[in-house]
Amino acid sequence: MNKFPNRAIIIGGGYSIKEGMQFGLFDKIKTEFTVGLNSAYKFIEPTIEIWVDWSFWAGRNTEPNKDKILQLNSLKVCNISAIRKETSIPNDIIPLYCKGNVRPSEMFSKKAVFSPALCGYFGLTITANILNKLTHGGEIYLLGYDFGDIGKTDNKGRAITHFYQGQIEHRGIGLIKYYKAKETNADTIFKMYVEDFPNIKIYNVSMISKINIFEKTSYQDFFQKIKNNPIKINKPYVKSEIAKLLNTLMGV
């Protein structure tokens, strides 16, 4: 009998993921319900691949990701503006509208995803709403949600912000202005997820993260938790349920 998982793992780009990779992170979570943000798909094929930026999709002074994303056996979900120049949209891409003036839990009632500038908000909003609708609760583990740099620079003089820095290029690397801007203050904004989804426990698997509103846990504890309660999803079923939910309730 198919059962929708009550645990989701969101894979961001923060430098702290390097610690998990030392212990075989991507192999340990390959059977889980995973949500990959931006370039995460280059390290693991997630259940859902999420992006918000046209330049990431089509390329702007960097390599485009479009062709590689289309080849993934993942459900693709993006900000509608990220594919705004496409004349046709493949069936496994779900484009959603974003707004900064709605609450995370209003995604279906307002038919818009709360997402002020950053993919991390977009991905967490979608994931929390999926669990809330399909399992009425559960757990979310945030990987690479550092929300800042590590206080060092790379050989181009940019702040080190991403675990794949030096291997992959995109315009968000080293760009820390979003993390420091008043309108994207971590403790203020992420608090809304705690308030809006009391039935979902959100863990931050980054001890160096600037986000303090979620309980922080080490990779060792994270690996032990998923080992004690292993989940092996039926990927086609999970993708189908998510697609039905987003397409029907978002009115797309």
# chains A, B, ... in the order shown; residues from 1 in each chain; ligands from 1
call {"tool": "closest_atom_pairs", "arguments": {"of": "segment 111-132 of chain A", "to": "segment 192-202 of chain A", "cutoff": "10 Å", "atoms": "only C-alpha atoms", "output": "CSV"}}
result
residue,atom,partner,partner_atom,distance
A:Tyr121,CA,A:Tyr193,CA,9.8
A:Leu124,CA,A:Tyr193,CA,8.6
A:Thr125,CA,A:Tyr193,CA,8.0
A:Ala128,CA,A:Phe197,CA,7.3
A:Asn129,CA,A:Phe197,CA,8.4
A:Leu131,CA,A:Ile200,CA,7.9
A:Asn132,CA,A:Phe197,CA,7.5
call {"tool": "write_last_selection", "arguments": {"atoms": "C-alpha atoms", "output": "short mmCIF file (atom, residue, chain, number, x, y, z; two decimals), in the first residue's frame"}}
result
data_model
loop_
_atom_site.label_atom_id
_atom_site.label_comp_id
_atom_site.auth_asym_id
_atom_site.auth_seq_id
_atom_site.Cartn_x
_atom_site.Cartn_y
_atom_site.Cartn_z
CA TYR A 121 11.93 30.34 1.29
CA LEU A 124 10.42 25.50 2.41
CA THR A 125 7.01 27.06 1.77
CA ALA A 128 5.67 22.59 4.43
CA ASN A 129 2.37 22.96 2.57
CA LEU A 131 3.30 17.82 4.28
CA ASN A 132 0.51 19.84 5.87
#
call {"tool": "closest_atom_pairs", "arguments": {"of": "segment 141-246 of chain A", "to": "segment 69-85 of chain A", "cutoff": "10 Å", "atoms": "only C-alpha atoms", "output": "JSON lines"}}
result
{"residue": "A:Lys235", "atom": "CA", "partner": "A:Ser74", "partner_atom": "CA", "distance": 8.6}
{"residue": "A:Pro236", "atom": "CA", "partner": "A:Ser74", "partner_atom": "CA", "distance": 9.0}
{"residue": "A:Val238", "atom": "CA", "partner": "A:Leu75", "partner_atom": "CA", "distance": 9.5}
{"residue": "A:Lys239", "atom": "CA", "partner": "A:Leu75", "partner_atom": "CA", "distance": 6.0}
{"residue": "A:Ser240", "atom": "CA", "partner": "A:Leu75", "partner_atom": "CA", "distance": 8.6}
{"residue": "A:Ile242", "atom": "CA", "partner": "A:Leu75", "partner_atom": "CA", "distance": 8.5}
{"residue": "A:Ala243", "atom": "CA", "partner": "A:Leu75", "partner_atom": "CA", "distance": 7.7}
{"residue": "A:Leu246", "atom": "CA", "partner": "A:Val77", "partner_atom": "CA", "distance": 9.4}
call {"tool": "write_last_selection", "arguments": {"atoms": "N, CA and C atoms", "output": "mmCIF file, in the first residue's frame"}}
result
data_model
loop_
_atom_site.group_PDB
_atom_site.id
_atom_site.type_symbol
_atom_site.label_atom_id
_atom_site.label_comp_id
_atom_site.auth_asym_id
_atom_site.auth_seq_id
_atom_site.Cartn_x
_atom_site.Cartn_y
_atom_site.Cartn_z
ATOM 1 N N LYS A 235 8.780 6.637 -5.500
ATOM 2 C CA LYS A 235 8.968 7.950 -6.127
ATOM 3 C C LYS A 235 7.872 8.313 -7.118
ATOM 4 N N PRO A 236 7.468 7.427 -8.030
ATOM 5 C CA PRO A 236 6.390 7.796 -8.955
ATOM 6 C C PRO A 236 5.103 8.181 -8.226
ATOM 7 N N VAL A 238 4.808 9.358 -5.062
ATOM 8 C CA VAL A 238 4.998 10.630 -4.351
ATOM 9 C C VAL A 238 4.945 11.803 -5.320
ATOM 10 N N LYS A 239 5.616 11.672 -6.454
ATOM 11 C CA LYS A 239 5.589 12.729 -7.459
ATOM 12 C C LYS A 239 4.167 12.972 -7.964
ATOM 13 N N SER A 240 3.433 11.899 -8.184
ATOM 14 C CA SER A 240 2.069 12.015 -8.683
ATOM 15 C C SER A 240 1.161 12.721 -7.682
ATOM 16 N N ILE A 242 2.044 14.829 -5.312
ATOM 17 C CA ILE A 242 2.425 16.241 -5.212
ATOM 18 C C ILE A 242 1.911 17.014 -6.418
ATOM 19 N N ALA A 243 2.052 16.423 -7.595
ATOM 20 C CA ALA A 243 1.586 17.097 -8.816
ATOM 21 C C ALA A 243 0.082 17.330 -8.770
ATOM 22 N N LEU A 246 -0.571 20.237 -6.168
ATOM 23 C CA LEU A 246 -0.189 21.579 -6.622
ATOM 24 C C LEU A 246 -1.024 22.025 -7.821
#
call {"tool": "residues_around", "arguments": {"residues": "Ser55 of chain A", "least_positions_apart": "2", "cutoff": "10 Å", "atoms": "only C-alpha atoms", "output": "PyMOL selection string"}}
result
chain A and resi 52-53+57-65+82-83+170-171
call {"tool": "closest_residue", "arguments": {"among": "A:Leu175, A:Ile10, A:Met21, A:Ile130", "to": "Phe163 of chain A", "atoms": "only C-alpha atoms"}}
result
A:Met21
call {"tool": "residues_around", "arguments": {"residues": "Gln167 of chain A", "least_positions_apart": "3", "cutoff": "12 Å", "atoms": "only C-alpha atoms", "output": "PyMOL selection string"}}
result
chain A and resi 39+42-43+63+154+162-164+170+173
call {"tool": "closest_residue", "arguments": {"among": "A:Val205, A:Cys119, A:Ile29, A:Val102", "to": "Gly144 of chain A", "atoms": "only C-alpha atoms"}}
result
A:Val205
call {"tool": "atom_distance", "arguments": {"atom1": "atom CA of Ile48 of chain A", "atom2": "atom CA of Asp187 of chain A"}}
result
26.2 Å
call {"tool": "atom_distance", "arguments": {"atom1": "atom CA of Ile189 of chain A", "atom2": "atom CA of Lys111 of chain A"}}
result
19.5 Å
call {"tool": "closest_residue", "arguments": {"among": "A:Lys156, A:Glu45, A:Pro95, A:Ile140", "to": "Glu169 of chain A", "atoms": "only C-alpha atoms"}}
result
A:Lys156
